[in-house]
file final-v8.csv (CSV, C-alpha atoms)
chain,number,residue,atom,x,y,z
A,1,MET,CA,56.6,40.6,107.9
A,2,GLY,CA,55.1,39.5,111.2
A,3,THR,CA,51.4,39.5,112.3
A,4,ALA,CA,49.8,42.9,112.8
A,5,LEU,CA,49.1,43.6,116.4
A,6,SER,CA,46.7,46.5,115.6
A,7,VAL,CA,46.5,49.6,113.3
A,8,LEU,CA,48.7,52.6,113.6
A,9,HIS,CA,47.2,56.0,112.6
A,10,VAL,CA,50.0,57.9,110.9
A,11,ARG,CA,49.9,61.5,109.8
A,12,VAL,CA,52.7,62.3,107.3
A,13,TRP,CA,53.7,65.7,106.0
A,14,ARG,CA,53.1,66.1,102.3
A,15,GLY,CA,54.4,69.0,100.3
A,16,THR,CA,57.2,71.5,100.6
A,17,GLU,CA,57.3,74.5,102.9
A,18,SER,CA,53.6,74.6,102.4
A,19,GLY,CA,51.5,71.5,102.4
A,20,GLU,CA,49.4,69.4,104.8
A,21,TYR,CA,49.5,66.2,106.8
A,22,GLN,CA,48.0,63.1,105.1
A,23,GLU,CA,46.7,60.2,107.2
A,24,PHE,CA,47.6,56.6,106.6
A,25,GLN,CA,46.8,53.4,108.4
A,26,VAL,CA,49.7,51.1,108.9
A,27,PRO,CA,49.8,47.6,110.5
A,28,ARG,CA,51.3,47.8,113.9
A,29,LEU,CA,54.1,45.2,114.3
A,30,GLU,CA,56.3,44.1,117.1
A,31,SER,CA,59.7,45.9,117.4
A,32,GLN,CA,58.5,48.3,114.6
A,33,THR,CA,60.6,51.4,114.0
A,34,VAL,CA,59.4,54.7,112.7
A,35,LEU,CA,61.5,54.2,109.6
A,36,ASP,CA,59.7,50.8,109.1
A,37,VAL,CA,56.4,52.7,109.2
A,38,VAL,CA,57.5,55.3,106.6
A,39,THR,CA,58.9,52.6,104.4
A,40,HIS,CA,55.6,50.6,104.6
A,41,ILE,CA,53.7,53.7,103.5
A,42,GLN,CA,56.1,54.4,100.6
A,43,ARG,CA,56.2,50.7,99.4
A,44,LYS,CA,52.6,49.7,100.0
A,45,LEU,CA,50.4,52.7,100.2
A,46,ASP,CA,51.8,55.7,98.3
A,47,PRO,CA,55.0,55.4,96.2
A,48,THR,CA,55.1,59.1,95.7
A,49,LEU,CA,56.1,59.7,99.3
A,50,SER,CA,59.7,61.1,99.5
A,51,TYR,CA,62.0,60.4,102.5
A,52,ARG,CA,65.7,59.7,103.0
A,53,PHE,CA,67.5,56.9,104.6
A,54,ALA,CA,70.6,54.7,104.0
A,55,CYS,CA,72.2,52.5,106.6
A,56,ARG,CA,69.1,51.7,108.8
A,57,VAL,CA,71.4,51.0,111.8
A,58,GLY,CA,72.1,54.4,113.3
A,59,MET,CA,75.4,55.1,111.6
A,60,CYS,CA,74.7,57.3,108.5
A,61,GLY,CA,72.6,60.1,110.1
A,62,SER,CA,70.3,60.5,107.0
A,63,CYS,CA,66.9,59.4,108.3
A,64,ALA,CA,66.2,62.0,111.0
A,65,MET,CA,62.6,63.4,111.0
A,66,THR,CA,60.2,65.1,113.3
A,67,VAL,CA,58.2,62.4,115.1
A,68,ASN,CA,55.3,63.5,117.4
A,69,GLY,CA,56.9,67.0,117.6
A,70,LYS,CA,60.5,66.0,118.4
A,71,ALA,CA,63.4,65.4,116.0
A,72,ARG,CA,64.6,61.8,116.1
A,73,TRP,CA,66.6,59.3,114.2
A,74,THR,CA,63.8,57.2,112.8
A,75,CYS,CA,65.8,54.0,112.1
A,76,ARG,CA,66.5,53.5,115.8
A,77,THR,CA,63.3,54.9,117.2
A,78,HIS,CA,60.8,52.2,118.1
A,79,VAL,CA,57.1,53.1,117.6
A,80,ALA,CA,56.5,51.9,121.1
A,81,SER,CA,58.8,54.5,122.6
A,82,VAL,CA,57.1,57.5,121.0
A,83,SER,CA,53.4,56.5,120.5
A,84,ASP,CA,51.1,55.8,123.5
A,85,GLU,CA,47.9,55.7,121.5
A,86,GLU,CA,48.9,54.1,118.2
A,87,ARG,CA,49.2,57.5,116.7
A,88,LEU,CA,52.2,59.0,114.9
A,89,GLU,CA,52.8,62.4,113.3
A,90,ILE,CA,55.8,62.4,111.1
A,91,GLY,CA,57.2,65.6,109.5
A,92,PRO,CA,60.5,66.9,108.1
A,93,LEU,CA,63.2,68.3,110.3
A,94,ARG,CA,62.6,71.8,111.6
A,95,ASN,CA,65.0,74.7,110.8
A,96,LEU,CA,65.9,73.4,107.3
A,97,PRO,CA,64.2,74.0,103.9
A,98,VAL,CA,61.8,71.3,102.9
A,99,ILE,CA,62.5,69.8,99.5
A,100,LYS,CA,59.5,67.4,99.4
A,101,ASP,CA,57.6,65.6,102.1
A,102,LEU,CA,60.1,64.3,104.7
A,103,VAL,CA,63.2,65.3,102.8
A,104,THR,CA,65.0,68.5,103.9
A,105,ASP,CA,67.8,70.3,102.2
A,106,MET,CA,70.8,69.7,104.4
A,107,ALA,CA,73.0,72.1,102.5
A,108,PRO,CA,72.6,75.0,105.0
A,109,PHE,CA,73.4,72.6,107.8
A,110,PHE,CA,76.7,71.4,106.3
A,111,ASP,CA,77.6,74.8,104.9
A,112,LYS,CA,77.8,75.9,108.6
A,113,TRP,CA,80.2,73.0,109.4
A,114,ALA,CA,82.4,74.5,106.7
A,115,ALA,CA,81.9,78.0,108.0
A,116,ALA,CA,82.9,76.8,111.5
A,117,LYS,CA,86.2,75.6,110.0
A,118,GLY,CA,85.2,72.0,110.5
A,119,GLN,CA,88.0,70.8,108.2
A,120,PHE,CA,91.2,69.3,109.7
A,121,ARG,CA,94.4,70.8,108.5
A,122,GLY,CA,97.7,69.3,109.8
A,123,SER,CA,101.3,70.2,109.1
A,124,ALA,CA,102.7,66.7,108.7
A,125,THR,CA,103.5,65.2,105.3
A,126,ARG,CA,103.3,61.6,104.2
A,127,ASN,CA,107.1,61.3,105.0
A,128,ASP,CA,106.5,62.1,108.6
A,129,ASP,CA,105.9,59.5,111.3
A,130,PHE,CA,102.4,59.1,112.8
A,131,ALA,CA,101.5,61.7,115.3
A,132,ARG,CA,101.5,60.2,118.8
A,133,VAL,CA,98.5,61.4,120.9
A,134,SER,CA,98.0,59.7,124.2
A,135,PRO,CA,94.5,58.4,124.6
A,136,GLU,CA,94.7,59.5,128.3
A,137,SER,CA,95.6,63.1,127.5
A,138,ARG,CA,93.0,65.8,128.5
A,139,GLN,CA,92.5,67.0,125.0
A,140,ARG,CA,92.1,63.6,123.5
A,141,ARG,CA,89.5,62.7,126.1
A,142,LEU,CA,87.6,65.9,125.1
A,143,VAL,CA,87.7,64.8,121.5
A,144,ASP,CA,86.3,61.4,122.5
A,145,GLU,CA,83.2,63.1,124.0
A,146,SER,CA,82.2,64.7,120.6
A,147,ILE,CA,83.8,62.7,117.8
A,148,GLU,CA,80.9,60.2,117.4
A,149,CYS,CA,78.6,62.8,115.8
A,150,ILE,CA,76.9,61.3,112.7
A,151,GLY,CA,75.6,64.6,111.3
A,152,CYS,CA,72.0,63.7,111.5
A,153,GLY,CA,70.8,67.2,112.1
A,154,VAL,CA,68.6,66.3,115.1
A,155,CYS,CA,70.4,68.9,117.4
A,156,TYR,CA,70.2,71.6,114.7
A,157,SER,CA,66.5,70.9,114.1
A,158,SER,CA,65.8,71.0,117.9
A,159,CYS,CA,67.7,74.3,118.6
A,160,ASP,CA,65.5,77.3,119.3
A,161,VAL,CA,68.4,79.7,118.8
A,162,VAL,CA,68.8,78.5,115.2
A,163,THR,CA,65.1,79.3,114.7
A,164,TRP,CA,65.4,82.8,116.2
A,165,LYS,CA,68.8,83.5,114.7
A,166,PRO,CA,69.1,81.7,111.3
A,167,ASP,CA,72.8,82.6,110.9
A,168,TYR,CA,73.7,80.9,114.1
A,169,LEU,CA,76.2,78.1,113.3
A,170,GLY,CA,74.3,75.6,115.5
A,171,PRO,CA,75.2,72.8,117.8
A,172,ALA,CA,76.6,70.2,115.3
A,173,ALA,CA,79.0,72.6,113.5
A,174,LEU,CA,80.2,73.9,116.8
A,175,THR,CA,80.7,70.4,118.2
A,176,ARG,CA,82.8,69.6,115.1
A,177,ALA,CA,84.8,72.7,115.7
A,178,TRP,CA,85.3,71.7,119.3
A,179,THR,CA,86.8,68.3,118.3
A,180,LEU,CA,89.3,70.1,116.1
A,181,VAL,CA,90.1,72.8,118.7
A,182,ASN,CA,91.2,69.8,120.9
A,183,ASP,CA,93.1,68.1,118.0
A,184,VAL,CA,96.7,68.8,118.9
A,185,ARG,CA,97.8,68.1,115.3
A,186,ASP,CA,95.6,70.8,113.7
A,187,VAL,CA,97.3,74.1,112.7
A,188,ASP,CA,94.3,76.3,112.0
A,189,GLN,CA,93.4,77.0,115.6
A,190,ARG,CA,93.3,80.8,115.5
A,191,GLU,CA,91.2,80.8,112.3
A,192,ARG,CA,88.8,78.3,113.8
A,193,LEU,CA,88.3,80.3,117.1
A,194,THR,CA,87.7,83.4,115.0
A,195,ALA,CA,85.2,81.4,112.8
A,196,VAL,CA,83.1,80.2,115.8
A,197,ALA,CA,83.2,83.5,117.8
A,198,GLY,CA,80.6,86.1,118.4
A,199,ASP,CA,76.9,86.8,117.8
A,200,ALA,CA,76.4,84.1,115.2
A,201,GLY,CA,78.8,81.7,116.8
A,202,CYS,CA,79.2,79.9,120.1
A,203,HIS,CA,78.3,82.9,122.1
A,204,ALA,CA,74.7,82.9,120.8
A,205,CYS,CA,74.0,79.6,122.6
A,206,HIS,CA,71.6,80.0,125.5
A,207,THR,CA,72.5,76.7,127.1
A,208,GLN,CA,69.0,75.5,126.9
A,209,MET,CA,70.4,72.0,126.2
A,210,THR,CA,67.8,70.7,123.9
A,211,CYS,CA,70.6,69.5,121.6
A,212,THR,CA,72.0,67.5,124.4
A,213,GLU,CA,68.7,66.1,125.4
A,214,ARG,CA,67.8,65.0,121.9
A,215,CYS,CA,71.2,63.9,120.5
A,216,PRO,CA,70.7,60.2,119.5
A,217,LYS,CA,74.3,59.5,120.1
A,218,LYS,CA,74.1,60.9,123.6
A,219,LEU,CA,76.7,63.6,123.0
A,220,SER,CA,76.7,66.9,124.7
A,221,PRO,CA,77.0,69.7,122.2
A,222,THR,CA,76.3,72.1,125.1
A,223,ALA,CA,79.5,71.1,126.9
A,224,GLY,CA,81.5,71.5,123.7
A,225,ILE,CA,80.0,75.0,123.0
A,226,ALA,CA,80.7,76.0,126.6
A,227,GLY,CA,84.4,74.9,126.0
A,228,LEU,CA,84.4,77.0,122.8
A,229,LYS,CA,83.0,80.1,124.6
A,230,ARG,CA,85.9,79.9,127.2
A,231,ALA,CA,88.5,79.2,124.5
A,232,VAL,CA,87.4,82.1,122.4
A,233,LEU,CA,87.1,84.5,125.3
A,234,SER,CA,90.6,83.6,126.4
A,235,ALA,CA,91.9,84.3,122.8
A,236,ALA,CA,90.0,87.6,122.7
A,237,LEU,CA,91.5,88.7,126.0
A,238,LYS,CA,94.9,87.9,124.7
A,239,GLY,CA,94.2,89.9,121.5
A,240,GLU,CA,94.5,86.8,119.3
A,241,ILE,CA,91.2,87.3,117.6
B,1,MET,CA,80.4,95.6,115.8
B,2,ASN,CA,83.7,93.7,115.4
B,3,LEU,CA,84.1,90.1,116.5
B,4,ARG,CA,86.4,90.8,119.4
B,5,THR,CA,84.0,93.3,120.9
B,6,GLN,CA,81.1,90.8,120.6
B,7,VAL,CA,83.2,88.2,122.5
B,8,LEU,CA,84.2,90.7,125.1
B,9,LEU,CA,80.6,91.8,125.6
B,10,TRP,CA,79.7,88.2,126.3
B,11,GLY,CA,82.5,88.0,128.8
B,12,ALA,CA,81.3,91.3,130.4
B,13,GLN,CA,77.8,89.9,130.7
B,14,ARG,CA,79.1,86.7,132.4
B,15,ALA,CA,81.3,88.7,134.8
B,16,SER,CA,78.5,91.2,135.6
B,17,ALA,CA,76.1,88.2,136.2
B,18,ALA,CA,78.5,87.0,138.9
B,19,VAL,CA,78.6,90.4,140.5
B,20,LEU,CA,74.8,90.7,140.4
B,21,ALA,CA,74.4,87.3,142.0
B,22,PHE,CA,76.3,88.6,145.0
B,23,CYS,CA,74.7,92.0,145.0
B,24,VAL,CA,71.1,90.8,144.7
B,25,LEU,CA,71.7,88.4,147.6
B,26,VAL,CA,73.0,91.2,149.8
B,27,HIS,CA,70.2,93.5,148.7
B,28,LEU,CA,67.5,90.9,149.5
B,29,VAL,CA,68.9,90.1,152.9
B,30,THR,CA,69.1,93.8,153.6
B,31,ILE,CA,65.4,94.2,152.6
B,32,ILE,CA,64.3,91.4,154.9
B,33,TYR,CA,66.4,92.9,157.8
B,34,ALA,CA,65.2,96.4,157.1
B,35,VAL,CA,61.5,95.7,157.2
B,36,ARG,CA,61.5,93.6,160.4
B,37,ASN,CA,60.1,96.5,162.4
B,38,GLY,CA,58.2,98.2,159.6
B,39,LEU,CA,59.7,100.4,156.9
B,40,THR,CA,60.3,104.1,157.0
B,41,ALA,CA,62.4,106.5,154.9
B,42,ALA,CA,64.0,107.8,158.0
B,43,GLU,CA,65.3,104.3,159.0
B,44,ILE,CA,66.7,103.7,155.5
B,45,LEU,CA,68.4,107.1,155.4
B,46,ALA,CA,69.8,106.6,158.9
B,47,ARG,CA,71.6,103.5,157.7
B,48,THR,CA,72.8,104.7,154.3
B,49,SER,CA,73.4,108.5,154.6
B,50,GLY,CA,77.1,109.2,154.6
B,51,SER,CA,78.0,105.5,154.5
B,52,VAL,CA,81.0,104.8,152.3
B,53,ALA,CA,80.3,101.0,152.4
B,54,TRP,CA,76.8,101.4,151.1
B,55,THR,CA,77.8,103.9,148.6
B,56,LEU,CA,80.4,101.6,147.2
B,57,PHE,CA,78.1,98.6,147.3
B,58,TYR,CA,75.2,100.2,145.4
B,59,THR,CA,77.6,101.9,142.9
B,60,VAL,CA,79.0,98.4,142.0
B,61,PHE,CA,75.4,97.2,141.9
B,62,VAL,CA,74.4,99.9,139.4
B,63,VAL,CA,77.4,99.4,137.2
B,64,ALA,CA,76.7,95.7,137.0
B,65,ILE,CA,73.1,96.3,136.0
B,66,ALA,CA,74.1,98.9,133.4
B,67,VAL,CA,76.6,96.4,131.9
B,68,HIS,CA,74.4,93.3,132.2
B,69,ALA,CA,70.9,94.4,131.1
B,70,PRO,CA,71.7,96.1,127.7
B,71,ILE,CA,73.9,93.2,126.5
B,72,GLY,CA,71.1,90.7,127.3
B,73,LEU,CA,68.4,92.9,125.8
B,74,ARG,CA,70.6,93.3,122.7
B,75,ASN,CA,70.3,89.5,122.2
B,76,VAL,CA,66.6,89.4,123.0
B,77,LEU,CA,65.9,92.2,120.4
B,78,ALA,CA,68.1,90.6,117.8
B,79,GLU,CA,66.4,87.2,118.2
B,80,THR,CA,62.8,88.4,118.6
B,81,PHE,CA,62.7,91.2,116.1
B,82,GLN,CA,65.7,90.5,113.9
B,83,TRP,CA,67.0,93.9,114.8
B,84,ARG,CA,70.8,94.1,114.1
B,85,GLY,CA,73.5,96.5,113.4
B,86,ARG,CA,74.6,99.9,114.5
B,87,GLY,CA,71.2,101.2,115.4
B,88,LEU,CA,70.7,98.4,117.9
B,89,ASP,CA,74.2,98.9,119.3
B,90,LEU,CA,73.7,102.6,119.7
B,91,ALA,CA,70.3,102.1,121.4
B,92,MET,CA,71.8,99.7,123.8
B,93,LEU,CA,74.6,102.1,124.6
B,94,ILE,CA,72.1,104.8,125.4
B,95,LEU,CA,70.2,102.3,127.6
B,96,ALA,CA,73.4,101.4,129.4
B,97,LEU,CA,74.2,105.1,130.1
B,98,THR,CA,70.6,105.8,131.1
B,99,LEU,CA,70.6,102.9,133.6
B,100,ALA,CA,73.9,104.0,135.0
B,101,LEU,CA,72.7,107.6,135.3
B,102,TRP,CA,69.4,106.8,136.9
B,103,GLY,CA,70.9,104.2,139.2
B,104,TRP,CA,73.7,106.5,140.4
B,105,ARG,CA,71.1,109.3,141.0
B,106,ALA,CA,69.2,106.9,143.3
B,107,VAL,CA,72.4,105.9,145.0
B,108,TYR,CA,73.4,109.5,145.5
B,109,ALA,CA,69.9,110.3,146.9
B,110,ILE,CA,70.1,107.7,149.7
B,111,THR,CA,73.8,108.0,150.5
B,112,ALA,CA,74.5,111.7,150.4
B,113,ALA,CA,75.3,112.9,153.9

call {"tool": "encode", "arguments": {"input": "final-v8.csv", "output": "structure tokens"}}
result
Amino acid sequence: MGTALSVLHVRVWRGTESGEYQEFQVPRLESQTVLDVVTHIQRKLDPTLSYRFACRVGMCGSCAMTVNGKARWTCRTHVASVSDEERLEIGPLRNLPVIKDLVTDMAPFFDKWAAAKGQFRGSATRNDDFARVSPESRQRRLVDESIECIGCGVCYSSCDVVTWKPDYLGPAALTRAWTLVNDVRDVDQRERLTAVAGDAGCHACHTQMTCTERCPKKLSPTAGIAGLKRAVLSAALKGEI
Amino acid sequence: MNLRTQVLLWGAQRASAAVLAFCVLVHLVTIIYAVRNGLTAAEILARTSGSVAWTLFYTVFVVAIAVHAPIGLRNVLAETFQWRGRGLDLAMLILALTLALWGWRAVYAITAA
């Protein structure tokens, strides 16, 4: 550990759906991330603090929390980028049930991936040759724009439509569906378009773009959802759904 | 309401929005033009009475409003008050018919020869 530059005043959510913020003082270090701060509190100040993380390098998507009012991936968020006055307020992700402290129940989030038919189903067997998909094809390029989602829940937590309409599938599940709609090997296209259609599906999106603004991977769920809206409308006009 | 209808309503709202963008623009330009020398009922009626073009234009305008507003309000009510289901759909259908009726009554009033 390096030399402390100053002291950070950190308010951390304690409890479940009901609870309160507890204040801690944490040494401010150079290049310190928000996850470093939470880890310091849990290891040095209060071992009963519950939080979730795994890879610490922005790959696993497990450490997202609400930091100073906005959902962020905490392992790649430097304190310097979110705190002007050496103050942090760290809470659990919005729009998800709180299990304890900073840990949310991600089951509703991933249940919606399943509801949006986020599973690939091909027709080839192990005896078939590899499918050949040109990296330059239009559909493969569209897949490229969304495939890097790490399932962190930042977009879902930031989406006001999810707050207003709890059965809305949300940006992450719809982004996953969009990658599969553009997967030329997948054979469940009609079922998927049906799964993402209508009032609780892609057409509920207001194009507010908070998901796109907050996505730590710089993806654009909004663009994918717009693509789904067009694809579903086209299918509905043809009588396919 | 079945899934296909929900999707088609979304499409109808988008299409009516495009029509409204044009109609509102024409309407605003007309207002600015009409009030340049003051505004009188006689001047308005002189322009619109018996005019097939204005009758068609404002009929399209009214239809677009009657389609667009209830679909949007249906979303607002569902999101704000968690009102869903047949009651909401019926209320919005009544609103659409009311808007169409009132709108057409106004169109008739200024275009009848």

call {"tool": "closest_residue", "arguments": {"input": "final-v8.csv", "among": "B:Leu45, B:Leu20, B:Ile110, B:Ile71", "to": "Val7 in chain B", "atoms": "all atoms listed in the file"}}
result
B:Ile71

call {"tool": "atom_distance", "arguments": {"input": "final-v8.csv", "atom1": "CA of Thr16 in chain A", "atom2": "CA of Trp73 in chain A"}}
result
20.5 Å

call {"tool": "interface_residues", "arguments": {"input": "final-v8.csv", "of": "chain A", "to": "chain B", "cutoff": "6 Å", "atoms": "all atoms listed in the file", "output": "ChimeraX atom specification"}}
result
/A:164-165,198,236

call {"tool": "closest_atom_pairs", "arguments": {"input": "final-v8.csv", "of": "range 48-155 of chain A", "to": "range 179-194 of chain A", "cutoff": "8 Å", "atoms": "all atoms listed in the file", "output": "Markdown table"}}
result
| residue | atom | partner | partner_atom | distance |
| --- | --- | --- | --- | --- |
| A:Ala116 | CA | A:Arg192 | CA | 6.5 |
| A:Lys117 | CA | A:Arg192 | CA | 5.3 |
| A:Gly118 | CA | A:Leu180 | CA | 7.2 |
| A:Phe120 | CA | A:Asp186 | CA | 6.1 |
| A:Arg121 | CA | A:Asp186 | CA | 5.3 |
| A:Gly122 | CA | A:Asp186 | CA | 4.7 |
| A:Ser123 | CA | A:Val187 | CA | 6.6 |
| A:Ala131 | CA | A:Arg185 | CA | 7.4 |
| A:Val133 | CA | A:Val184 | CA | 7.9 |
| A:Gln139 | CA | A:Asn182 | CA | 5.1 |
| A:Arg140 | CA | A:Asn182 | CA | 6.8 |
| A:Leu142 | CA | A:Asn182 | CA | 6.8 |
| A:Val143 | CA | A:Thr179 | CA | 4.8 |
| A:Ser146 | CA | A:Thr179 | CA | 6.3 |
| A:Ile147 | CA | A:Thr179 | CA | 6.4 |

call {"tool": "residues_around", "arguments": {"input": "final-v8.csv", "residues": "range 26-32 of chain A", "least_positions_apart": "4", "cutoff": "6 Å", "atoms": "all atoms listed in the file", "output": "MDAnalysis selection string"}}
result
chainID A and resid 4:8 78:79

call {"tool": "residues_near_point", "arguments": {"input": "final-v8.csv", "point": "(76.5, 101.2, 155.8)", "cutoff": "12 Å", "atoms": "only C-alpha atoms", "output": "list in words"}}
result
Thr30, Ile44, Leu45, Ala46, Arg47, Thr48, Ser49, Gly50, Ser51, Val52, Ala53, Trp54, Thr55, Leu56, Phe57, Tyr58, Ile110, Thr111, Ala112 and Ala113 of chain B

call {"tool": "write_last_selection", "arguments": {"input": "final-v8.csv", "atoms": "C-alpha atoms", "output": "CSV table (one decimal), keeping the file's coordinate frame"}}
result
chain,number,residue,atom,x,y,z
B,30,THR,CA,69.1,93.8,153.6
B,44,ILE,CA,66.7,103.7,155.5
B,45,LEU,CA,68.4,107.1,155.4
B,46,ALA,CA,69.8,106.6,158.9
B,47,ARG,CA,71.6,103.5,157.7
B,48,THR,CA,72.8,104.7,154.3
B,49,SER,CA,73.4,108.5,154.6
B,50,GLY,CA,77.1,109.2,154.6
B,51,SER,CA,78.0,105.5,154.5
B,52,VAL,CA,81.0,104.8,152.3
B,53,ALA,CA,80.3,101.0,152.4
B,54,TRP,CA,76.8,101.4,151.1
B,55,THR,CA,77.8,103.9,148.6
B,56,LEU,CA,80.4,101.6,147.2
B,57,PHE,CA,78.1,98.6,147.3
B,58,TYR,CA,75.2,100.2,145.4
B,110,ILE,CA,70.1,107.7,149.7
B,111,THR,CA,73.8,108.0,150.5
B,112,ALA,CA,74.5,111.7,150.4
B,113,ALA,CA,75.3,112.9,153.9

call {"tool": "residues_around", "arguments": {"input": "final-v8.csv", "residues": "His68 in chain B", "least_positions_apart": "2", "cutoff": "7 Å", "atoms": "all atoms listed in the file", "output": "PyMOL selection string"}}
result
chain B and resi 13+16-17+64-66+70-72

call {"tool": "write_last_selection", "arguments": {"input": "final-v8.csv", "atoms": "C-alpha atoms", "output": "PDB file, in the frame of the given file"}}
result
ATOM      1  CA  GLN B  13      77.800  89.900 130.700  1.00  0.00           C
ATOM      2  CA  SER B  16      78.500  91.200 135.600  1.00  0.00           C
ATOM      3  CA  ALA B  17      76.100  88.200 136.200  1.00  0.00           C
ATOM      4  CA  ALA B  64      76.700  95.700 137.000  1.00  0.00           C
ATOM      5  CA  ILE B  65      73.100  96.300 136.000  1.00  0.00           C
ATOM      6  CA  ALA B  66      74.100  98.900 133.400  1.00  0.00           C
ATOM      7  CA  PRO B  70      71.700  96.100 127.700  1.00  0.00           C
ATOM      8  CA  ILE B  71      73.900  93.200 126.500  1.00  0.00           C
ATOM      9  CA  GLY B  72      71.100  90.700 127.300  1.00  0.00           C
TER      10      GLY B  72
END

call {"tool": "build_atoms", "arguments": {"input": "final-v8.csv", "residues": "range 32-44 of chain A", "atoms": "N, CA, C and O atoms", "output": "PDB file, in the frame of the given file"}}
result
ATOM      1  N   GLN A  32      58.620  47.441 115.798  1.00  0.00           N
ATOM      2  CA  GLN A  32      58.500  48.300 114.600  1.00  0.00           C
ATOM      3  C   GLN A  32      59.208  49.643 114.850  1.00  0.00           C
ATOM      4  O   GLN A  32      58.959  50.278 115.882  1.00  0.00           O
ATOM      5  N   THR A  33      60.041  50.072 113.904  1.00  0.00           N
ATOM      6  CA  THR A  33      60.600  51.400 114.000  1.00  0.00           C
ATOM      7  C   THR A  33      59.818  52.412 113.222  1.00  0.00           C
ATOM      8  O   THR A  33      59.032  52.036 112.345  1.00  0.00           O
ATOM      9  N   VAL A  34      60.067  53.695 113.505  1.00  0.00           N
ATOM     10  CA  VAL A  34      59.400  54.700 112.700  1.00  0.00           C
ATOM     11  C   VAL A  34      59.753  54.666 111.277  1.00  0.00           C
ATOM     12  O   VAL A  34      58.922  54.862 110.388  1.00  0.00           O
ATOM     13  N   LEU A  35      61.027  54.331 111.025  1.00  0.00           N
ATOM     14  CA  LEU A  35      61.500  54.200 109.600  1.00  0.00           C
ATOM     15  C   LEU A  35      60.716  53.032 108.943  1.00  0.00           C
ATOM     16  O   LEU A  35      60.367  53.125 107.755  1.00  0.00           O
ATOM     17  N   ASP A  36      60.465  51.947 109.679  1.00  0.00           N
ATOM     18  CA  ASP A  36      59.700  50.800 109.100  1.00  0.00           C
ATOM     19  C   ASP A  36      58.289  51.334 108.690  1.00  0.00           C
ATOM     20  O   ASP A  36      57.763  50.943 107.645  1.00  0.00           O
ATOM     21  N   VAL A  37      57.707  52.218 109.503  1.00  0.00           N
ATOM     22  CA  VAL A  37      56.400  52.700 109.200  1.00  0.00           C
ATOM     23  C   VAL A  37      56.391  53.558 107.916  1.00  0.00           C
ATOM     24  O   VAL A  37      55.556  53.381 107.026  1.00  0.00           O
ATOM     25  N   VAL A  38      57.387  54.463 107.819  1.00  0.00           N
ATOM     26  CA  VAL A  38      57.500  55.300 106.600  1.00  0.00           C
ATOM     27  C   VAL A  38      57.746  54.444 105.387  1.00  0.00           C
ATOM     28  O   VAL A  38      57.151  54.661 104.320  1.00  0.00           O
ATOM     29  N   THR A  39      58.595  53.450 105.538  1.00  0.00           N
ATOM     30  CA  THR A  39      58.900  52.600 104.400  1.00  0.00           C
ATOM     31  C   THR A  39      57.654  51.783 103.975  1.00  0.00           C
ATOM     32  O   THR A  39      57.408  51.612 102.771  1.00  0.00           O
ATOM     33  N   HIS A  40      56.867  51.337 104.945  1.00  0.00           N
ATOM     34  CA  HIS A  40      55.600  50.600 104.600  1.00  0.00           C
ATOM     35  C   HIS A  40      54.710  51.547 103.781  1.00  0.00           C
ATOM     36  O   HIS A  40      54.142  51.114 102.767  1.00  0.00           O
ATOM     37  N   ILE A  41      54.581  52.801 104.208  1.00  0.00           N
ATOM     38  CA  ILE A  41      53.700  53.700 103.500  1.00  0.00           C
ATOM     39  C   ILE A  41      54.208  53.918 102.049  1.00  0.00           C
ATOM     40  O   ILE A  41      53.435  53.842 101.088  1.00  0.00           O
ATOM     41  N   GLN A  42      55.519  54.103 101.921  1.00  0.00           N
ATOM     42  CA  GLN A  42      56.100  54.400 100.600  1.00  0.00           C
ATOM     43  C   GLN A  42      55.972  53.150  99.671  1.00  0.00           C
ATOM     44  O   GLN A  42      55.708  53.256  98.478  1.00  0.00           O
ATOM     45  N   ARG A  43      56.148  51.955 100.234  1.00  0.00           N
ATOM     46  CA  ARG A  43      56.200  50.700  99.400  1.00  0.00           C
ATOM     47  C   ARG A  43      54.785  50.151  99.159  1.00  0.00           C
ATOM     48  O   ARG A  43      54.557  49.521  98.138  1.00  0.00           O
ATOM     49  N   LYS A  44      53.881  50.335 100.125  1.00  0.00           N
ATOM     50  CA  LYS A  44      52.600  49.700 100.000  1.00  0.00           C
ATOM     51  C   LYS A  44      51.409  50.611  99.757  1.00  0.00           C
ATOM     52  O   LYS A  44      50.394  50.203  99.218  1.00  0.00           O
TER      53      LYS A  44
END
